[in-house]
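First the structure, in the form of structure tokens, and then the observations on it.
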Amino acid sequence: MKTIFTFLLVLATTFGVAQNSMFVHTATVANSSFNVTYIDHPDLNANPNANLVVSHNWNPVGSSGVYNDNVTGVWYDTFSQQWAIYNENPGVNIVPDSSYNVYYSTNTATITHIATVGNQGAIDSYTVLNSPLLNGNPNAHAVLTTYYNPNNQYNDTVYGFWYDDTLDRWIIYSEDGSTIPLGSAFFVAVNGADVQTMRHVAIPSNIFGNYTLIDHPVLNGDPNAVFVFGHNWGISGDPSNVIMDHNMGVWYDGSNWSIYTEDLSNMPDNATFDLLIYDETLGVTDNKVEGLYYGPNPVKDILDIRANDPITSVTIYNLLGQKLTKVAGDGNAIGINLSGYAAGTYFATVIVGNASETVKLIKQ
């Protein structure tokens with residue numbers, strides 16, 4: 001018997017029609033205009049509530065290597081209903097064929113931080129983060145990207161993090177010491193269920209001119225690996241107290257990935273970087289449910305879920321992992337009415353007997 005329930009089901013898996021949470025976007029003539037390149041991705045299209053961070057990728061597979069020595073940010077275009085990557089200097093066109101690693105994951109805790117008078121640090125080149133994901137935890141791994149919305153504000157400055165062990169707070173700071181404009185917005189990704197984290201330190205043995213070679217088992221030997229990174233100045237007094245007022249990106253040399261300076265300046269000793277590395281084995285998928293089918297995806301109204309054996313239950317979670325509802329199954333198929341739910345992404349764990357699988361769906 002098919003039972004119709006009203007809730008939004010979301011799929012987060014690494015198979016079928018589900019999308020990876022990290023991917024590479026390349027600027028082309030077709031998707032670029034002036035200083036902007038538009039992203040076309042089913043998890044992001046028509047999803048203004050998405051949070052994403054980006055890092056420049058010099059040479060993804062198929063590219064001969066393209067620099068973009070510009071600060072880049074992200075913004076949501078309400079007209080095209082697409083997210084875009086843009087040069088923060090509006091007078092500089094996006095570089096043709098430049099590529100970017102984009103991290104969007106419903107498993108990732110992502111903070112939207114806006115610089116205000118209330119969170120300004122001891123000096124005006126600081127803005128203090130206040131999140132349970134970061135507070136009191138100098139060992140967290142965080143990556144940031146400037147965000148044009150909601151204040152329609154350009155922010156052509158290189159930023160890094162440092163940890164104030166007196167306040168027990170993470171702080172975003174301008175690498176050149178300039179004032180952070182009030183209203184500046186940032187996306188900050190912290191750790192993540194589908195990533196491996198790494199704190200990489202540039203030392204003489206891994207520095208080669210303007211780049212530092214990374215050694216990580218998920219990255220080594222894989223030209224298709226994808227990761228994002230941020231500069232971490234560390235705690236005051238640490239050897240990592242190195243200013244990095246340079247645009248940076250990542251590149252692959254045929255065996256290892258590296259972080260490099262876009263202006264070809266030398267990589268300094270002890271420069272420290274936090275990495276979020278996509279690992280498809282770390283998603284939320286548990287044991288595969290035999291014969292599991294769901295569709296259509298994206299979905300507007302009714303979502304069909306079927307399995308070879310009777311469905312025991314479906315539990316719905318929001319992006320924070322909070323349980324919203326649990327519905328008992330009634331046979332091998334369920335029709336789910338999603339029409340009353342807002343557009344976005346949700347999670348659902350489908351249990352069939354002793355097997356369970358967590359999947360993701362995009363609601364239009």
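Numbering starts fresh at 1 for the residues of each chain in the structure tokens, the chains themselves are lettered A, B, ... in the order given, and ligands are numbered from 1 as they appear.
Those residues of range 150-204 of chain A that DSSP, working from the backbone, places in strand (DSSP E) are Tyr159, Gly160, Phe161, Trp162, Tyr163, Asp164, Arg169, Trp170, Ile171, Ile172, Tyr173, Ser174, Ala185, Phe186, Phe187, Val188, Ala189, Val190, Val195, Gln196, Thr197, Met198, Arg199, His200 and Val201 of chain A.
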Take the selection from the previous step and output its residues with N, CA and C atoms, as a PDB file, in the first residue's frame.
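The file below, again21.pdb, is the result:
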```pdb
ATOM      1  N   TYR A 159      42.059  37.484   3.685  1.00  0.00           N
ATOM      2  CA  TYR A 159      41.777  37.249   5.098  1.00  0.00           C
ATOM      3  C   TYR A 159      42.371  35.931   5.572  1.00  0.00           C
ATOM      4  N   GLY A 160      42.645  35.883   6.868  1.00  0.00           N
ATOM      5  CA  GLY A 160      43.066  34.657   7.526  1.00  0.00           C
ATOM      6  C   GLY A 160      42.376  34.532   8.869  1.00  0.00           C
ATOM      7  N   PHE A 161      42.690  33.448   9.573  1.00  0.00           N
ATOM      8  CA  PHE A 161      42.165  33.220  10.917  1.00  0.00           C
ATOM      9  C   PHE A 161      43.300  33.301  11.936  1.00  0.00           C
ATOM     10  N   TRP A 162      42.965  33.676  13.170  1.00  0.00           N
ATOM     11  CA  TRP A 162      43.841  33.397  14.294  1.00  0.00           C
ATOM     12  C   TRP A 162      42.984  33.086  15.508  1.00  0.00           C
ATOM     13  N   TYR A 163      43.585  32.419  16.490  1.00  0.00           N
ATOM     14  CA  TYR A 163      42.836  32.005  17.677  1.00  0.00           C
ATOM     15  C   TYR A 163      43.336  32.789  18.875  1.00  0.00           C
ATOM     16  N   ASP A 164      42.418  33.515  19.514  1.00  0.00           N
ATOM     17  CA  ASP A 164      42.729  34.292  20.713  1.00  0.00           C
ATOM     18  C   ASP A 164      42.496  33.409  21.930  1.00  0.00           C
ATOM     19  N   ARG A 169      38.335  32.487  21.402  1.00  0.00           N
ATOM     20  CA  ARG A 169      37.547  32.746  20.200  1.00  0.00           C
ATOM     21  C   ARG A 169      38.445  32.730  18.963  1.00  0.00           C
ATOM     22  N   TRP A 170      37.861  32.285  17.855  1.00  0.00           N
ATOM     23  CA  TRP A 170      38.486  32.427  16.555  1.00  0.00           C
ATOM     24  C   TRP A 170      38.205  33.838  16.036  1.00  0.00           C
ATOM     25  N   ILE A 171      39.170  34.378  15.320  1.00  0.00           N
ATOM     26  CA  ILE A 171      39.059  35.732  14.793  1.00  0.00           C
ATOM     27  C   ILE A 171      39.442  35.727  13.310  1.00  0.00           C
ATOM     28  N   ILE A 172      38.631  36.394  12.501  1.00  0.00           N
ATOM     29  CA  ILE A 172      39.001  36.675  11.115  1.00  0.00           C
ATOM     30  C   ILE A 172      39.776  37.988  11.114  1.00  0.00           C
ATOM     31  N   TYR A 173      40.897  38.017  10.418  1.00  0.00           N
ATOM     32  CA  TYR A 173      41.682  39.250  10.355  1.00  0.00           C
ATOM     33  C   TYR A 173      42.097  39.534   8.915  1.00  0.00           C
ATOM     34  N   SER A 174      42.299  40.805   8.622  1.00  0.00           N
ATOM     35  CA  SER A 174      42.788  41.194   7.299  1.00  0.00           C
ATOM     36  C   SER A 174      44.297  41.028   7.283  1.00  0.00           C
ATOM     37  N   ALA A 185      30.481  40.303   4.906  1.00  0.00           N
ATOM     38  CA  ALA A 185      29.922  38.982   5.209  1.00  0.00           C
ATOM     39  C   ALA A 185      30.900  37.895   4.781  1.00  0.00           C
ATOM     40  N   PHE A 186      30.899  36.809   5.550  1.00  0.00           N
ATOM     41  CA  PHE A 186      31.785  35.677   5.302  1.00  0.00           C
ATOM     42  C   PHE A 186      31.018  34.375   5.503  1.00  0.00           C
ATOM     43  N   PHE A 187      31.281  33.393   4.660  1.00  0.00           N
ATOM     44  CA  PHE A 187      30.915  32.016   4.948  1.00  0.00           C
ATOM     45  C   PHE A 187      32.133  31.342   5.563  1.00  0.00           C
ATOM     46  N   VAL A 188      31.923  30.645   6.671  1.00  0.00           N
ATOM     47  CA  VAL A 188      32.996  29.917   7.344  1.00  0.00           C
ATOM     48  C   VAL A 188      32.564  28.467   7.487  1.00  0.00           C
ATOM     49  N   ALA A 189      33.263  27.558   6.818  1.00  0.00           N
ATOM     50  CA  ALA A 189      33.001  26.121   6.933  1.00  0.00           C
ATOM     51  C   ALA A 189      33.904  25.543   8.011  1.00  0.00           C
ATOM     52  N   VAL A 190      33.320  24.736   8.893  1.00  0.00           N
ATOM     53  CA  VAL A 190      34.059  24.172  10.025  1.00  0.00           C
ATOM     54  C   VAL A 190      33.976  22.655   9.970  1.00  0.00           C
ATOM     55  N   VAL A 195      34.276  15.199   5.071  1.00  0.00           N
ATOM     56  CA  VAL A 195      35.630  15.630   4.743  1.00  0.00           C
ATOM     57  C   VAL A 195      36.615  15.055   5.744  1.00  0.00           C
ATOM     58  N   GLN A 196      37.844  14.924   5.293  1.00  0.00           N
ATOM     59  CA  GLN A 196      38.951  14.733   6.205  1.00  0.00           C
ATOM     60  C   GLN A 196      39.605  16.092   6.418  1.00  0.00           C
ATOM     61  N   THR A 197      40.053  16.341   7.635  1.00  0.00           N
ATOM     62  CA  THR A 197      40.684  17.616   7.945  1.00  0.00           C
ATOM     63  C   THR A 197      42.189  17.433   8.083  1.00  0.00           C
ATOM     64  N   MET A 198      42.901  18.498   7.800  1.00  0.00           N
ATOM     65  CA  MET A 198      44.358  18.462   7.906  1.00  0.00           C
ATOM     66  C   MET A 198      44.864  19.861   8.224  1.00  0.00           C
ATOM     67  N   ARG A 199      45.842  19.946   9.098  1.00  0.00           N
ATOM     68  CA  ARG A 199      46.563  21.200   9.324  1.00  0.00           C
ATOM     69  C   ARG A 199      47.951  21.036   8.727  1.00  0.00           C
ATOM     70  N   HIS A 200      48.186  21.737   7.636  1.00  0.00           N
ATOM     71  CA  HIS A 200      49.450  21.611   6.900  1.00  0.00           C
ATOM     72  C   HIS A 200      50.368  22.770   7.245  1.00  0.00           C
ATOM     73  N   VAL A 201      51.623  22.459   7.544  1.00  0.00           N
ATOM     74  CA  VAL A 201      52.621  23.469   7.877  1.00  0.00           C
ATOM     75  C   VAL A 201      53.698  23.483   6.797  1.00  0.00           C
TER      76      VAL A 201
END
```
How many Å separate CA of Ser178 in chain A from CA of Gly73 in chain A?
17.9 Å
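Residues in contact with Asn70 in chain A at 10 Å, where only C-alpha atoms are counted and same-chain residues fewer than 6 positions away are skipped, are listed as A:His56, A:Tyr86, A:Asn87, A:Glu88, A:Asn89, A:Val92, A:Asn93, A:Ile94, A:Val95, A:Asp156, A:Thr157, A:Val158, A:His246, A:Asn247, A:Met248, A:Glu262, A:Asp263.
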Can you tell me how far CA of Asp245 in chain A sits from CA of Gln120 in chain A, in Å to one decimal?
20.4 Å
If we count only C-alpha atoms and set the cut-off at 10 Å, which residues sit around Phe208 in chain A, ignoring sequence neighbours fewer than 6 positions away in its own chain? Please answer as a PyMOL selection string.
chain A and resi 202+258+260+266-267
Same residues, N, CA and C atoms, saved as a PDB file, in the first residue's frame:
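Printed below is part_7.pdb as written:
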```
ATOM      1  N   ALA A 202      53.972  24.652   6.265  1.00  0.00           N
ATOM      2  CA  ALA A 202      55.047  24.803   5.285  1.00  0.00           C
ATOM      3  C   ALA A 202      56.387  24.814   6.014  1.00  0.00           C
ATOM      4  N   SER A 258      49.619  20.853  -3.946  1.00  0.00           N
ATOM      5  CA  SER A 258      50.352  21.903  -3.243  1.00  0.00           C
ATOM      6  C   SER A 258      49.476  23.135  -3.101  1.00  0.00           C
ATOM      7  N   TYR A 260      49.920  27.253  -3.303  1.00  0.00           N
ATOM      8  CA  TYR A 260      50.889  28.164  -3.910  1.00  0.00           C
ATOM      9  C   TYR A 260      50.401  29.605  -3.834  1.00  0.00           C
ATOM     10  N   ASN A 266      57.676  33.889  -2.657  1.00  0.00           N
ATOM     11  CA  ASN A 266      58.127  32.696  -1.956  1.00  0.00           C
ATOM     12  C   ASN A 266      57.176  32.317  -0.827  1.00  0.00           C
ATOM     13  N   MET A 267      56.971  31.024  -0.675  1.00  0.00           N
ATOM     14  CA  MET A 267      56.183  30.507   0.436  1.00  0.00           C
ATOM     15  C   MET A 267      57.035  30.584   1.707  1.00  0.00           C
TER      16      MET A 267
END
```
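Our summary of the geometry notes that CA of Thr116 in chain A is positioned 5.2 Å from CA of Leu182 in chain A.
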Pick out the residues sitting within 9 Å of Val61 in chain A, and hand them over as a tab-separated table (two decimals) with N, CA and C atoms, in the first residue's frame; count only C-alpha atoms, and ignore anything fewer than 3 positions along from it in its own chain.
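Output contents, as saved in result_9.tsv:
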```
chain	number	residue	atom	x	y	z
A	64	SER	N	45.53	23.21	-18.45
A	64	SER	CA	46.98	23.34	-18.53
A	64	SER	C	47.54	24.25	-17.45
A	223	PRO	N	44.67	13.17	-9.19
A	223	PRO	CA	44.46	14.48	-9.83
A	223	PRO	C	43.03	14.97	-9.73
A	224	ASN	N	42.10	14.07	-9.40
A	224	ASN	CA	40.69	14.44	-9.26
A	224	ASN	C	40.30	14.80	-7.83
```
Calculated over only C-alpha atoms, which of the candidates A:Asn51, A:Gly249, A:Asp168, A:Pro239 has the smallest distance to Val66 in chain A?
A:Gly249
